[in-house]
>>> print(open('work21.pdb').read())   # PDB, C-alpha atoms, pLDDT in the B column
ATOM      1  CA  MET A 134     120.287 106.023  76.137  1.00 47.00           C
ATOM      2  CA  LYS A 135     117.352 103.782  76.990  1.00 44.00           C
ATOM      3  CA  HIS A 136     115.482 104.488  80.242  1.00 40.00           C
ATOM      4  CA  GLU A 137     114.830 101.353  82.349  1.00 41.00           C
ATOM      5  CA  PRO A 138     112.038 101.402  84.946  1.00 43.00           C
ATOM      6  CA  ALA A 139     113.174 100.910  88.556  1.00 45.00           C
ATOM      7  CA  ASP A 140     110.888  97.876  88.955  1.00 47.00           C
ATOM      8  CA  ASP A 141     110.070  95.719  85.983  1.00 51.00           C
ATOM      9  CA  ASP A 142     106.775  93.819  85.625  1.00 55.00           C
ATOM     10  CA  ARG A 143     108.376  90.578  86.795  1.00 65.00           C
ATOM     11  CA  SER A 144     109.463  91.829  90.248  1.00 77.00           C
ATOM     12  CA  ARG A 145     105.962  92.678  91.507  1.00 85.00           C
ATOM     13  CA  MET A 146     102.435  91.358  90.980  1.00 93.00           C
ATOM     14  CA  ARG A 147      98.891  91.803  92.260  1.00 95.00           C
ATOM     15  CA  LEU A 148      97.917  89.805  95.355  1.00 96.00           C
ATOM     16  CA  ASP A 149      94.738  88.328  93.816  1.00 96.00           C
ATOM     17  CA  LYS A 150      96.594  87.203  90.700  1.00 96.00           C
ATOM     18  CA  TRP A 151      99.362  85.568  92.740  1.00 96.00           C
ATOM     19  CA  LEU A 152      96.865  83.721  94.979  1.00 96.00           C
ATOM     20  CA  TRP A 153      95.213  82.359  91.829  1.00 96.00           C
ATOM     21  CA  ALA A 154      98.538  81.420  90.164  1.00 96.00           C
ATOM     22  CA  ALA A 155      99.702  79.703  93.386  1.00 96.00           C
ATOM     23  CA  ARG A 156      96.435  77.694  93.367  1.00 96.00           C
ATOM     24  CA  PHE A 157      95.076  78.853  96.718  1.00 95.00           C
ATOM     25  CA  TYR A 158      91.792  79.743  94.962  1.00 93.00           C
ATOM     26  CA  LYS A 159      90.187  78.339  91.818  1.00 94.00           C
ATOM     27  CA  THR A 160      89.544  81.714  90.194  1.00 94.00           C
ATOM     28  CA  ARG A 161      91.092  85.150  90.406  1.00 94.00           C
ATOM     29  CA  GLY A 162      87.656  86.556  91.212  1.00 95.00           C
ATOM     30  CA  LEU A 163      87.320  84.215  94.197  1.00 94.00           C
ATOM     31  CA  ALA A 164      90.800  85.236  95.368  1.00 94.00           C
ATOM     32  CA  ALA A 165      89.823  88.920  95.143  1.00 95.00           C
ATOM     33  CA  GLU A 166      86.582  88.194  97.042  1.00 95.00           C
ATOM     34  CA  GLU A 167      88.450  86.437  99.876  1.00 94.00           C
ATOM     35  CA  VAL A 168      90.946  89.300 100.100  1.00 95.00           C
ATOM     36  CA  GLY A 169      88.017  91.752 100.205  1.00 95.00           C
ATOM     37  CA  LYS A 170      86.490  89.841 103.127  1.00 94.00           C
ATOM     38  CA  GLY A 171      89.694  90.367 105.115  1.00 93.00           C
ATOM     39  CA  ARG A 172      90.775  86.709 104.984  1.00 94.00           C
ATOM     40  CA  VAL A 173      94.232  87.511 103.601  1.00 96.00           C
ATOM     41  CA  SER A 174      96.919  89.711 105.140  1.00 96.00           C
ATOM     42  CA  VAL A 175     100.340  90.685 103.803  1.00 97.00           C
ATOM     43  CA  ASN A 176     103.203  91.233 106.251  1.00 96.00           C
ATOM     44  CA  GLY A 177     100.714  91.455 109.132  1.00 94.00           C
ATOM     45  CA  GLN A 178      98.502  94.093 107.501  1.00 94.00           C
ATOM     46  CA  SER A 179      95.118  93.685 105.872  1.00 92.00           C
ATOM     47  CA  ALA A 180      95.425  94.020 102.123  1.00 92.00           C
ATOM     48  CA  LYS A 181      93.453  94.841  99.005  1.00 94.00           C
ATOM     49  CA  ALA A 182      93.363  92.594  95.927  1.00 94.00           C
ATOM     50  CA  SER A 183      95.451  95.159  94.045  1.00 94.00           C
ATOM     51  CA  ARG A 184      98.248  95.040  96.665  1.00 95.00           C
ATOM     52  CA  GLU A 185     101.613  94.534  94.974  1.00 95.00           C
ATOM     53  CA  LEU A 186     103.465  91.431  96.151  1.00 95.00           C
ATOM     54  CA  LYS A 187     107.167  90.743  95.926  1.00 94.00           C
ATOM     55  CA  PRO A 188     109.297  87.744  96.902  1.00 95.00           C
ATOM     56  CA  GLY A 189     109.862  87.669 100.661  1.00 96.00           C
ATOM     57  CA  ASP A 190     106.382  88.919 101.581  1.00 96.00           C
ATOM     58  CA  LEU A 191     104.650  86.923 104.312  1.00 97.00           C
ATOM     59  CA  LEU A 192     100.981  86.076 103.687  1.00 97.00           C
ATOM     60  CA  GLU A 193      98.436  84.842 106.179  1.00 96.00           C
ATOM     61  CA  LEU A 194      95.323  83.411 104.573  1.00 95.00           C
ATOM     62  CA  ARG A 195      92.249  81.614 105.801  1.00 90.00           C
ATOM     63  CA  GLN A 196      90.764  78.790 103.754  1.00 84.00           C
ATOM     64  CA  GLY A 197      87.631  77.588 105.511  1.00 80.00           C
ATOM     65  CA  GLU A 198      88.703  76.780 109.077  1.00 82.00           C
ATOM     66  CA  MET A 199      92.375  76.549 108.124  1.00 86.00           C
ATOM     67  CA  LEU A 200      94.783  79.443 108.673  1.00 91.00           C
ATOM     68  CA  ARG A 201      97.991  79.207 106.628  1.00 94.00           C
ATOM     69  CA  THR A 202     101.115  81.355 106.751  1.00 96.00           C
ATOM     70  CA  VAL A 203     103.279  81.293 103.643  1.00 97.00           C
ATOM     71  CA  GLU A 204     106.296  83.206 102.367  1.00 97.00           C
ATOM     72  CA  VAL A 205     106.238  84.332  98.746  1.00 97.00           C
ATOM     73  CA  LYS A 206     109.238  82.700  97.034  1.00 96.00           C
ATOM     74  CA  ALA A 207     108.518  83.576  93.395  1.00 95.00           C
ATOM     75  CA  LEU A 208     105.998  85.334  91.172  1.00 95.00           C
ATOM     76  CA  SER A 209     104.204  83.835  88.200  1.00 92.00           C
ATOM     77  CA  HIS A 210     101.768  85.508  85.859  1.00 88.00           C
ATOM     78  CA  LEU A 211     100.588  82.084  84.650  1.00 90.00           C
ATOM     79  CA  ARG A 212      98.613  79.425  86.498  1.00 93.00           C
ATOM     80  CA  GLY A 213     100.571  76.230  86.040  1.00 91.00           C
ATOM     81  CA  PRO A 214     100.287  72.691  87.365  1.00 94.00           C
ATOM     82  CA  ALA A 215     100.245  72.145  91.138  1.00 93.00           C
ATOM     83  CA  PRO A 216     103.973  71.280  91.483  1.00 93.00           C
ATOM     84  CA  VAL A 217     104.883  74.538  89.722  1.00 93.00           C
ATOM     85  CA  ALA A 218     102.400  76.497  91.856  1.00 95.00           C
ATOM     86  CA  GLN A 219     103.836  75.008  95.068  1.00 94.00           C
ATOM     87  CA  ALA A 220     107.273  76.340  94.116  1.00 95.00           C
ATOM     88  CA  LEU A 221     105.878  79.895  94.370  1.00 97.00           C
ATOM     89  CA  TYR A 222     105.668  79.768  98.178  1.00 97.00           C
ATOM     90  CA  ALA A 223     106.978  78.090 101.316  1.00 97.00           C
ATOM     91  CA  GLU A 224     104.646  77.436 104.226  1.00 96.00           C
ATOM     92  CA  THR A 225     106.139  78.340 107.608  1.00 96.00           C
ATOM     93  CA  GLN A 226     106.906  75.498 110.036  1.00 96.00           C
ATOM     94  CA  GLU A 227     104.532  77.042 112.590  1.00 94.00           C
ATOM     95  CA  SER A 228     101.728  76.994 110.008  1.00 94.00           C
ATOM     96  CA  ILE A 229     102.408  73.354 109.081  1.00 93.00           C
ATOM     97  CA  THR A 230     102.373  72.332 112.761  1.00 94.00           C
ATOM     98  CA  ARG A 231      99.104  74.207 113.325  1.00 92.00           C
ATOM     99  CA  ARG A 232      97.474  72.482 110.319  1.00 89.00           C
ATOM    100  CA  GLU A 233      98.686  69.042 111.450  1.00 91.00           C
ATOM    101  CA  LYS A 234      97.289  69.582 114.970  1.00 90.00           C
ATOM    102  CA  ALA A 235      93.927  70.664 113.539  1.00 86.00           C
ATOM    103  CA  ALA A 236      93.827  67.591 111.276  1.00 84.00           C
ATOM    104  CA  GLU A 237      94.628  65.332 114.243  1.00 87.00           C
ATOM    105  CA  GLN A 238      91.875  66.941 116.343  1.00 85.00           C
ATOM    106  CA  ARG A 239      89.365  66.365 113.534  1.00 83.00           C
ATOM    107  CA  ARG A 240      90.526  62.760 113.191  1.00 84.00           C
ATOM    108  CA  VAL A 241      90.059  61.903 116.893  1.00 84.00           C
ATOM    109  CA  ALA A 242      86.864  63.937 117.368  1.00 78.00           C
ATOM    110  CA  ALA A 243      83.657  61.968 117.902  1.00 65.00           C
ATOM    111  CA  GLU A 244      81.608  61.299 114.786  1.00 66.00           C
ATOM    112  CA  PRO A 245      78.594  63.709 114.976  1.00 64.00           C
ATOM    113  CA  ALA A 246      76.247  61.018 113.670  1.00 63.00           C
ATOM    114  CA  GLN A 247      77.047  58.816 116.691  1.00 60.00           C
ATOM    115  CA  ALA A 248      75.458  61.415 118.998  1.00 58.00           C
ATOM    116  CA  ILE A 249      72.088  60.896 117.286  1.00 62.00           C
ATOM    117  CA  GLU A 250      69.946  58.264 119.009  1.00 60.00           C
TER
END
>>> encode(input="work21.pdb", output="structure tokens")
Amino acid sequence: MKHEPADDDRSRMRLDKWLWAARFYKTRGLAAEEVGKGRVSVNGQSAKASRELKPGDLLELRQGEMLRTVEVKALSHLRGPAPVAQALYAETQESITRREKAAEQRRVAAEPAQAIE
């Protein structure tokens, strides 16, 4: 009789590796650094780079001024092209609305150079 582990390697993966595979950060090291700075939370809790993710987890991450909330849909141990990476998550409607409002505010804001006389 062969003993099967309760969770196989495909059902869980490290947070930093997933952020890299999903193309939120250019390198895994940068992803780990951002997690270490407290810019990424999992299910409302601050997380470490080694935190195990699974489908259904809700991530909140800050990229520059932008705060995004995404649900993990799938795991991938490989970094693929952008369309494949985008299939790994779904951004919440609230997050999309927040990003669109921020983009609109930047668009209508006065050009800083115009204030210089």
>>> closest_residue(input="work21.pdb", among="A:Ala182, A:Val173, A:Ala154, A:Ala236", to="Ala220 (chain A)", atoms="all atoms listed in the file")
A:Ala154
>>> closest_atom_pairs(input="work21.pdb", of="region 161-236 of chain A", to="region 147-153 of chain A", cutoff="8 Å", atoms="only C-alpha atoms", output="tab-separated table")
residue	atom	partner	partner_atom	distance
A:Arg161	CA	A:Trp153	CA	5.2
A:Gly162	CA	A:Asp149	CA	7.8
A:Ala164	CA	A:Asp149	CA	5.2
A:Ala165	CA	A:Asp149	CA	5.1
A:Val168	CA	A:Asp149	CA	7.4
A:Lys181	CA	A:Leu148	CA	7.7
A:Ala182	CA	A:Asp149	CA	5.0
A:Ser183	CA	A:Arg147	CA	5.1
A:Arg184	CA	A:Leu148	CA	5.4
A:Glu185	CA	A:Arg147	CA	4.7
A:Leu186	CA	A:Leu148	CA	5.8
A:Leu208	CA	A:Trp151	CA	6.8
A:Ser209	CA	A:Trp151	CA	6.9
A:His210	CA	A:Lys150	CA	7.3
A:Arg212	CA	A:Trp153	CA	7.0
>>> closest_residue(input="work21.pdb", among="A:Ser228, A:Met146, A:Arg172, A:Ala223", to="Gly197 (chain A)", atoms="only C-alpha atoms")
A:Arg172
>>> atom_distance(input="work21.pdb", atom1="CA of Arg156 (chain A)", atom2="CA of Gln178 (chain A)")
21.7 Å
>>> resolve_selection(input="work21.pdb", expression="the PyMOL selection byres ((chain A and resi 190) around 7)", output="VMD selection string")
chain A and resid 175 to 176 186 to 189 191 to 192 204 to 205
>>> atom_distance(input="work21.pdb", atom1="CA of Tyr222 (chain A)", atom2="CA of Arg240 (chain A)")
27.3 Å
>>> atom_distance(input="work21.pdb", atom1="CA of Tyr158 (chain A)", atom2="CA of Ala242 (chain A)")
27.9 Å
